[in-house]
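Asker: One file: data-v4.txt (compact mmCIF, C-alpha atoms and all ligand atoms).
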```txt
# COMPACT_ATOMS: atom_id res chain seq x y z
CA MET A 326 18.30 8.49 -5.15
CA LYS A 327 14.81 9.84 -4.73
CA ILE A 328 11.85 7.51 -5.24
CA ASN A 329 9.77 8.71 -8.17
CA LYS A 330 7.18 5.97 -8.64
CA CYS A 331 4.58 4.43 -6.45
CA LEU A 332 2.76 1.24 -7.26
CA PHE A 333 -0.77 0.44 -6.12
CA PRO A 334 -1.75 -3.21 -6.56
CA VAL A 335 -5.55 -2.90 -6.69
CA ALA A 336 -6.75 -5.76 -8.85
CA GLY A 337 -8.28 -7.85 -6.03
CA TYR A 338 -12.01 -8.59 -5.88
CA GLY A 339 -12.62 -7.27 -2.35
CA THR A 340 -14.82 -10.22 -1.45
CA ARG A 341 -14.93 -9.23 2.22
CA PHE A 342 -17.04 -6.24 1.24
CA LEU A 343 -19.55 -8.10 -0.90
CA PRO A 344 -22.23 -7.33 -1.92
CA ALA A 345 -21.05 -3.68 -2.23
CA THR A 346 -17.92 -4.72 -4.13
CA LYS A 347 -19.97 -6.53 -6.78
CA ALA A 348 -20.23 -3.18 -8.58
CA ILE A 349 -17.82 -0.86 -6.72
CA PRO A 350 -14.09 -1.55 -6.34
CA LYS A 351 -13.29 -1.85 -2.63
CA GLU A 352 -10.69 0.91 -3.05
CA MET A 353 -13.54 3.25 -4.01
CA LEU A 354 -15.52 2.69 -0.82
CA PRO A 355 -15.49 6.01 1.02
CA ILE A 356 -13.95 6.83 4.36
CA LEU A 357 -16.01 9.98 4.97
CA THR A 358 -16.18 11.60 1.52
CA LYS A 359 -12.95 10.28 0.02
CA PRO A 360 -12.44 6.82 -1.44
CA LEU A 361 -9.95 4.63 0.38
CA ILE A 362 -7.44 4.76 -2.47
CA GLN A 363 -7.21 8.53 -2.22
CA TYR A 364 -5.63 8.29 1.23
CA GLY A 365 -2.88 6.13 -0.28
CA VAL A 366 -2.42 8.49 -3.23
CA GLU A 367 -2.16 11.45 -0.85
CA GLU A 368 0.52 9.57 1.07
CA ALA A 369 2.52 9.07 -2.14
CA ILE A 370 2.18 12.79 -2.93
CA SER A 371 3.35 13.63 0.61
CA ALA A 372 6.60 11.86 -0.29
CA GLU A 373 6.74 13.94 -3.51
CA ILE A 374 5.94 10.95 -5.69
CA TYR A 375 3.78 11.93 -8.65
CA ASN A 376 4.13 8.91 -10.93
CA LEU A 377 1.47 6.49 -9.83
CA ALA A 378 1.21 3.03 -11.36
CA LEU A 379 -1.88 0.91 -10.76
CA VAL A 380 -2.20 -2.81 -11.26
CA THR A 381 -5.89 -3.21 -11.80
CA ASN A 382 -8.42 -5.32 -13.66
CA VAL A 383 -11.07 -4.70 -16.27
CA ASN A 384 -13.87 -4.54 -13.71
CA LYS A 385 -12.34 -1.65 -11.82
CA LYS A 386 -12.73 1.19 -14.29
CA ALA A 387 -14.25 3.35 -11.54
CA ILE A 388 -10.76 3.93 -10.13
CA LYS A 389 -9.46 5.30 -13.43
CA ASN A 390 -12.61 7.40 -13.90
CA TYR A 391 -12.21 8.84 -10.44
CA PHE A 392 -8.79 10.29 -11.16
CA GLU A 393 -9.87 11.83 -14.46
CA ALA A 394 -11.67 15.12 -14.96
CA HIS A 395 -15.48 14.97 -15.13
CA ALA A 396 -16.50 17.91 -17.34
CA GLU A 397 -20.25 17.45 -16.84
CA ILE A 398 -20.16 17.62 -13.04
CA GLU A 399 -17.60 20.40 -13.16
CA ASN A 400 -19.76 22.52 -15.45
CA SER A 401 -22.86 21.90 -13.40
CA ILE A 402 -21.28 23.07 -10.12
CA LYS A 403 -19.23 25.92 -11.59
CA GLY A 404 -20.14 29.22 -9.98
CA THR A 405 -22.17 27.51 -7.21
CA ALA A 406 -21.33 27.04 -3.54
CA LYS A 407 -20.28 23.48 -4.38
CA GLU A 408 -17.58 24.57 -6.78
CA ASN A 409 -14.62 23.58 -4.62
CA LEU A 410 -15.94 20.17 -3.60
CA LEU A 411 -13.93 18.59 -6.40
CA ASP A 412 -10.73 20.44 -5.53
CA GLU A 413 -9.51 17.63 -3.32
CA VAL A 414 -9.38 15.18 -6.21
CA ASN A 415 -8.69 17.62 -9.05
CA TYR A 416 -5.40 18.70 -7.51
CA ILE A 417 -4.33 15.06 -7.71
CA SER A 418 -5.31 14.66 -11.38
CA GLU A 419 -3.50 17.88 -12.27
CA ARG A 420 -0.33 16.97 -10.45
CA CYS A 421 0.06 13.22 -10.99
CA ASP A 422 0.69 10.90 -13.92
CA PHE A 423 -1.32 7.73 -13.70
CA SER A 424 -0.49 4.55 -15.58
CA TYR A 425 -2.44 1.31 -15.51
CA ILE A 426 -1.85 -2.32 -16.31
CA ASN A 427 -4.24 -5.25 -16.10
CA GLN A 428 -3.62 -8.26 -13.91
CA GLU A 429 -5.55 -10.94 -15.70
CA GLN A 430 -5.35 -13.63 -13.03
CA MET A 431 -5.29 -13.13 -9.27
CA LEU A 432 -2.10 -15.05 -8.48
CA GLY A 433 -0.89 -13.18 -5.40
CA LEU A 434 0.77 -9.90 -4.47
CA GLY A 435 4.14 -11.00 -5.88
CA HIS A 436 2.46 -11.74 -9.21
CA ALA A 437 0.69 -8.34 -9.13
CA ILE A 438 4.00 -6.57 -8.51
CA ASN A 439 5.71 -8.54 -11.27
CA THR A 440 2.86 -7.59 -13.62
CA SER A 441 3.70 -3.92 -13.03
CA LYS A 442 7.24 -4.30 -14.43
CA PRO A 443 6.54 -2.49 -17.75
CA LEU A 444 5.30 0.54 -15.78
CA ILE A 445 8.17 0.73 -13.31
CA GLY A 446 11.48 1.02 -15.15
CA SER A 447 14.85 0.49 -13.55
CA ASP A 448 14.78 2.54 -10.35
CA ALA A 449 13.70 1.71 -6.81
CA PHE A 450 9.96 2.27 -6.30
CA ALA A 451 7.41 2.43 -3.52
CA VAL A 452 4.41 0.14 -3.06
CA ILE A 453 1.29 1.15 -1.18
CA LEU A 454 -1.45 -1.35 -0.37
CA PRO A 455 -4.31 1.10 0.11
CA ASP A 456 -6.17 -1.30 2.43
CA ASP A 457 -3.68 -0.24 5.08
CA LEU A 458 -4.61 3.33 5.92
CA CYS A 459 -1.87 4.91 8.00
CA ILE A 460 -2.41 7.96 10.15
CA THR A 461 0.58 9.80 11.54
CA GLN A 462 1.19 12.97 13.52
CA GLY A 463 4.25 14.13 11.59
CA ASP A 464 5.76 12.61 8.46
CA THR A 465 3.59 10.06 6.65
CA VAL A 466 4.84 6.47 6.65
CA LEU A 467 6.09 6.74 3.07
CA MET A 468 7.96 9.95 3.90
CA GLN A 469 9.59 8.17 6.84
CA MET A 470 10.56 5.30 4.55
CA SER A 471 11.87 7.58 1.79
CA LYS A 472 14.26 9.14 4.29
CA LEU A 473 15.47 5.68 5.21
CA HIS A 474 15.90 4.84 1.52
CA ASN A 475 18.40 7.70 1.26
CA GLN A 476 20.41 5.97 3.98
CA TYR A 477 19.98 2.44 2.55
CA PRO A 478 19.56 2.94 -1.21
CA ASP A 479 20.49 -0.65 -2.09
CA SER A 480 18.08 -2.36 0.29
CA CYS A 481 14.42 -3.19 -0.01
CA ILE A 482 12.51 -1.70 2.93
CA VAL A 483 9.37 -3.14 4.51
CA ALA A 484 7.28 -1.29 7.09
CA ILE A 485 6.51 -3.37 10.17
CA GLU A 486 4.47 -3.22 13.35
CA GLU A 487 4.12 -5.45 16.36
CA VAL A 488 0.94 -7.51 16.30
CA PRO A 489 -0.43 -10.00 18.86
CA PHE A 490 0.90 -13.54 18.20
CA GLU A 491 -2.75 -14.58 17.68
CA GLU A 492 -2.74 -12.46 14.50
CA VAL A 493 0.57 -13.37 12.88
CA TYR A 494 -1.28 -15.74 10.52
CA LYS A 495 -2.61 -12.68 8.63
CA TYR A 496 0.79 -11.19 7.73
CA GLY A 497 4.27 -11.58 6.37
CA ILE A 498 6.44 -11.92 9.50
CA ILE A 499 10.10 -11.00 9.71
CA ASP A 500 13.03 -12.50 11.53
CA GLY A 501 15.53 -9.73 12.09
CA LYS A 502 17.98 -7.94 14.39
CA LEU A 503 17.94 -4.28 15.32
CA ILE A 504 20.73 -2.49 13.51
CA ALA A 505 23.36 -1.34 16.05
CA GLY A 506 22.40 1.99 17.58
CA SER A 507 18.87 1.94 16.14
CA THR A 508 15.55 1.44 17.91
CA ASP A 509 13.39 1.00 14.81
CA VAL A 510 15.46 -0.36 11.89
CA TYR A 511 16.04 -4.11 11.58
CA GLN A 512 18.33 -6.09 9.33
CA VAL A 513 16.08 -8.88 8.08
CA ASN A 514 17.53 -12.42 7.96
CA ASN A 515 14.43 -14.31 7.04
CA MET A 516 10.72 -13.87 6.59
CA VAL A 517 7.66 -16.05 6.38
CA GLU A 518 4.24 -15.43 4.86
CA LYS A 519 1.26 -15.94 7.19
CA PRO A 520 2.81 -18.45 9.63
CA ASN A 521 1.05 -20.27 12.47
CA LYS A 522 1.66 -18.76 15.86
CA GLU A 523 4.01 -21.68 16.66
CA ASP A 524 6.18 -21.17 13.56
CA ALA A 525 6.38 -17.38 13.65
CA PRO A 526 9.95 -16.12 14.10
CA SER A 527 8.60 -12.93 15.77
CA ASN A 528 5.45 -10.85 16.01
CA LEU A 529 6.84 -8.14 13.70
CA ALA A 530 4.34 -7.99 10.85
CA ILE A 531 4.82 -6.42 7.43
CA ILE A 532 2.18 -3.83 6.63
CA GLY A 533 1.26 -2.48 3.21
CA ARG A 534 4.20 -0.15 2.58
CA TYR A 535 7.32 -1.25 0.73
CA ILE A 536 10.28 0.31 -1.03
CA LEU A 537 11.60 -2.20 -3.55
CA THR A 538 14.79 -2.19 -5.57
CA PRO A 539 14.40 -3.19 -9.24
CA GLU A 540 16.24 -6.44 -8.48
CA ILE A 541 12.91 -7.65 -7.10
CA PHE A 542 11.65 -8.35 -10.64
CA SER A 543 14.35 -10.90 -11.51
CA VAL A 544 13.78 -12.56 -8.13
CA LEU A 545 9.99 -12.64 -8.62
CA GLU A 546 10.55 -14.27 -11.99
CA LYS A 547 12.15 -17.23 -10.19
CA THR A 548 9.88 -17.31 -7.13
CA GLN A 549 7.78 -20.47 -6.96
CA PRO A 550 4.06 -20.26 -6.21
CA ASP A 551 3.03 -21.21 -2.66
CA LYS A 552 0.67 -24.07 -1.76
CA ASN A 553 -2.30 -21.98 -2.91
CA GLY A 554 -0.71 -21.29 -6.30
CA GLU A 555 0.08 -17.65 -5.38
CA ILE A 556 3.40 -15.88 -5.84
CA GLN A 557 4.17 -14.05 -2.63
CA ILE A 558 6.23 -10.86 -2.41
CA THR A 559 7.32 -12.12 1.02
CA ASP A 560 8.98 -15.18 -0.59
CA ALA A 561 10.83 -12.99 -3.11
CA LEU A 562 11.94 -10.63 -0.35
CA MET A 563 13.11 -13.63 1.68
CA THR A 564 15.56 -14.48 -1.11
CA LEU A 565 16.95 -10.94 -0.94
CA ALA A 566 16.92 -10.94 2.89
CA LYS A 567 19.21 -13.97 2.87
CA GLN A 568 21.66 -11.85 0.85
CA GLY A 569 21.43 -9.04 3.45
CA LYS A 570 19.42 -6.78 1.14
CA VAL A 571 16.23 -6.21 3.17
CA ILE A 572 15.63 -3.95 6.13
CA ALA A 573 12.46 -3.53 8.16
CA TYR A 574 11.30 -0.27 9.64
CA LYS A 575 9.02 0.07 12.65
CA PHE A 576 7.11 3.15 11.54
CA GLN A 577 5.70 5.96 13.67
CA GLY A 578 1.93 6.15 13.46
CA LYS A 579 -1.21 4.06 13.52
CA ARG A 580 -2.37 1.64 10.85
CA TYR A 581 -5.98 0.77 10.17
CA ASP A 582 -6.65 -2.47 8.28
CA CYS A 583 -9.39 -1.21 5.98
CA GLY A 584 -9.45 -4.57 4.22
CA SER A 585 -11.54 -5.71 7.20
CA ILE A 586 -14.93 -4.29 8.12
CA LYS A 587 -13.78 -3.67 11.68
CA GLY A 588 -10.68 -1.73 10.58
CA PHE A 589 -12.65 0.21 7.98
CA LEU A 590 -15.13 1.28 10.67
CA ALA A 591 -12.36 2.16 13.12
CA ALA A 592 -10.66 4.39 10.52
CA THR A 593 -13.98 6.04 9.65
CA ASN A 594 -14.71 6.60 13.31
CA TYR A 595 -11.26 8.04 14.03
CA LEU A 596 -11.41 10.47 11.11
CA ALA A 597 -15.03 11.44 11.84
CA LYS A 598 -14.00 12.38 15.39
CA TRP A 599 -10.95 14.21 14.10
CA HIS A 600 -13.19 16.30 11.82
CA ASN A 601 -15.62 16.88 14.74
CA LEU A 602 -18.40 14.97 12.99
CA LEU A 603 -19.05 12.70 15.98
C1 LIG B 1 -0.22 -8.93 1.99
C2 LIG B 1 1.17 -9.58 2.11
C3 LIG B 1 1.53 -9.77 3.59
C4 LIG B 1 1.44 -8.44 4.32
C5 LIG B 1 0.04 -7.81 4.11
C6 LIG B 1 0.01 -6.38 4.66
O1 LIG B 1 -1.18 -9.85 2.46
O2 LIG B 1 1.17 -10.83 1.43
O3 LIG B 1 2.85 -10.26 3.70
O4 LIG B 1 1.69 -8.63 5.70
O5 LIG B 1 -0.29 -7.72 2.71
O6 LIG B 1 -1.25 -5.81 4.58
P1 LIG B 1 -2.76 -9.68 2.16
O7 LIG B 1 -3.28 -8.75 3.21
O8 LIG B 1 -2.87 -9.14 0.78
O9 LIG B 1 -3.33 -11.07 2.30
```
Write out the structure in this file as structure tokens.
Answerer:
Amino acid sequence: MKINKCLFPVAGYGTRFLPATKAIPKEMLPILTKPLIQYGVEEAISAEIYNLALVTNVNKKAIKNYFEAHAEIENSIKGTAKENLLDEVNYISERCDFSYINQEQMLGLGHAINTSKPLIGSDAFAVILPDDLCITQGDTVLMQMSKLHNQYPDSCIVAIEEVPFEEVYKYGIIDGKLIAGSTDVYQVNNMVEKPNKEDAPSNLAIIGRYILTPEIFSVLEKTQPDKNGEIQITDALMTLAKQGKVIAYKFQGKRYDCGSIKGFLAATNYLAKWHNLL
């Protein structure tokens, strides 16, 4: 069955981008002229997903404002050469339904996803972490994953990429086996959140794209917080992986970690060159 909803967990404080993020949500920082979150939203639309659910917090109203019409600006540029500068965001507002829910305490990604339950309903849904900006030549990563969902409708799907062992401590890491005949789809047996290099079962790291079955909510309900008091989506997925219900997909394309200054700059640089600005 087709995926109709995409969740964006965007309640975090974005402390790595302080002081800018004192007043501006990190998802609103621009890569060229578009805020980071817009790249994620465009990826959802590419997969024909128009119901967008955001887990946010009271200090991040700028995100909601951004996706709403702004009559004053629109009237002031109407009939001028700048008239179509808002087209790129207006087509999103016209086409998509946005819903929002507050995450009152920052208790981890698993907690954020569980908070979204009233917005999601009872079908499988996609999750995009907009910090991970993915650039592809053909199908976007979410399109690639949606196709896989048609083949494996009862499994959760995580997108993975190989990372150097020195960096496994930043990610959820999977332990899996390539499915017979495939070069990019793994059956996941186990997974571990941010392991040391020595404890990592592989260097296959989960990136910020997931397709989750609704069963995830009952599992999250029972998932214990980790040593930092956070509920991890990786721990909930591990429970399902042990029941053979998680697959991992090595996507085609390049991911930029825009949650780090280095990755944010690299993405900006790549897109600036692509648009012949550098
Ligand atoms: C989260 C997840 C982690 C995943 C990562 C992808 O971590 O907990 O498993 O690998 O996103 O970006 P975070 O980056 O929020 O610390």
Asker: Could you give me, as a PyMOL selection string, the residues within 12 Å of Ala387 in chain A, counting all atoms listed in the file and dropping anything in the same chain fewer than 3 positions from it?
Answerer: chain A and resi 335+346+348-354+360+362+381-384+390-393
Asker: Which residues sit within 10 Å of ligand LIG 1 (chain B), counting only C-alpha atoms and all ligand atoms, listed as a PyMOL selection string?
Answerer: chain A and resi 334+337+433-435+453-458+483-486+493-499+516-519+529-535+555-560+562+580-585
Asker: For C-alpha atoms, I'd like the residues from the last selection saved as a short mmCIF file (atom, residue, chain, number, x, y, z; two decimals), in the coordinates of the input.
Answerer:
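Result file is again.cif:
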```
data_model
loop_
_atom_site.label_atom_id
_atom_site.label_comp_id
_atom_site.auth_asym_id
_atom_site.auth_seq_id
_atom_site.Cartn_x
_atom_site.Cartn_y
_atom_site.Cartn_z
CA PRO A 334 -1.75 -3.21 -6.56
CA GLY A 337 -8.28 -7.85 -6.03
CA GLY A 433 -0.89 -13.18 -5.40
CA LEU A 434 0.77 -9.90 -4.47
CA GLY A 435 4.14 -11.00 -5.88
CA ILE A 453 1.29 1.15 -1.18
CA LEU A 454 -1.45 -1.35 -0.37
CA PRO A 455 -4.31 1.10 0.11
CA ASP A 456 -6.17 -1.30 2.43
CA ASP A 457 -3.68 -0.24 5.08
CA LEU A 458 -4.61 3.33 5.92
CA VAL A 483 9.37 -3.14 4.51
CA ALA A 484 7.28 -1.29 7.09
CA ILE A 485 6.51 -3.37 10.17
CA GLU A 486 4.47 -3.22 13.35
CA VAL A 493 0.57 -13.37 12.88
CA TYR A 494 -1.28 -15.74 10.52
CA LYS A 495 -2.61 -12.68 8.63
CA TYR A 496 0.79 -11.19 7.73
CA GLY A 497 4.27 -11.58 6.37
CA ILE A 498 6.44 -11.92 9.50
CA ILE A 499 10.10 -11.00 9.71
CA MET A 516 10.72 -13.87 6.59
CA VAL A 517 7.66 -16.05 6.38
CA GLU A 518 4.24 -15.43 4.86
CA LYS A 519 1.26 -15.94 7.19
CA LEU A 529 6.84 -8.14 13.70
CA ALA A 530 4.34 -7.99 10.85
CA ILE A 531 4.82 -6.42 7.43
CA ILE A 532 2.18 -3.83 6.63
CA GLY A 533 1.26 -2.48 3.21
CA ARG A 534 4.20 -0.15 2.58
CA TYR A 535 7.32 -1.25 0.73
CA GLU A 555 0.08 -17.65 -5.38
CA ILE A 556 3.40 -15.88 -5.84
CA GLN A 557 4.17 -14.05 -2.63
CA ILE A 558 6.23 -10.86 -2.41
CA THR A 559 7.32 -12.12 1.02
CA ASP A 560 8.98 -15.18 -0.59
CA LEU A 562 11.94 -10.63 -0.35
CA ARG A 580 -2.37 1.64 10.85
CA TYR A 581 -5.98 0.77 10.17
CA ASP A 582 -6.65 -2.47 8.28
CA CYS A 583 -9.39 -1.21 5.98
CA GLY A 584 -9.45 -4.57 4.22
CA SER A 585 -11.54 -5.71 7.20
#
```
Asker: Just how far from CA of Ile536 in chain A is CA of Tyr416 in chain A, in Å to one decimal?
Answerer: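 Separation between CA of Tyr416 in chain A and CA of Ile536 in chain A: 25.0 Å.
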Asker: When distances are computed from all atoms listed in the file, which of A:Glu487, A:Glu413, A:Asp464, A:Glu546 shows the smallest separation from Glu368 in chain A?
Answerer: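 Ranked by minimum distance to Glu368 in chain A, first place goes to A:Asp464.
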Asker: Could you jot down the CA of Pro478 in chain A to CA of Ala372 in chain A separation for me, Å, one decimal place?
Answerer: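 Between CA of Pro478 in chain A and CA of Ala372 in chain A the gap is 15.8 Å.
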Asker: What is the distance between CA of Arg420 in chain A and CA of Tyr375 in chain A, in Å to one decimal?
Answerer: 6.7 Å
Asker: With distances taken over only C-alpha atoms, which of A:Gln577, A:Thr340, A:Asn329, A:Thr548 is nearest to Asp422 in chain A?
Answerer: A:Asn329
Asker: Nearest to Tyr595 in chain A among A:Leu537, A:Ala369, A:Ile460, A:Gly404, with distances taken over all atoms listed in the file: which residue is it?
Answerer: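 For Tyr595 in chain A, the nearest of the given residues is A:Ile460.
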Asker: Edge lengths and centre in Å to one decimal, as JSON, is what I'm after for the box along x, y and z that holds all listed atoms of range 497-506 of chain A once 4 Å is added on each side.
Answerer:
```
{"center_x": 13.8, "center_y": -5.3, "center_z": 12.0, "size_x": 27.1, "size_y": 22.5, "size_z": 19.2}
```
Asker: Within 12 Å of (17.2, 2.6, 2.4), all atoms listed in the file: residues as a ChimeraX atom specification?
Answerer: /A:326-328,449-451,467-484,510-512,535-538,570-574
Asker: Which is closer to Val380 in chain A than all the others in A:Ser401, A:Asn409, A:Ser418, A:Asn427, using only C-alpha atoms?
Answerer: A:Asn427
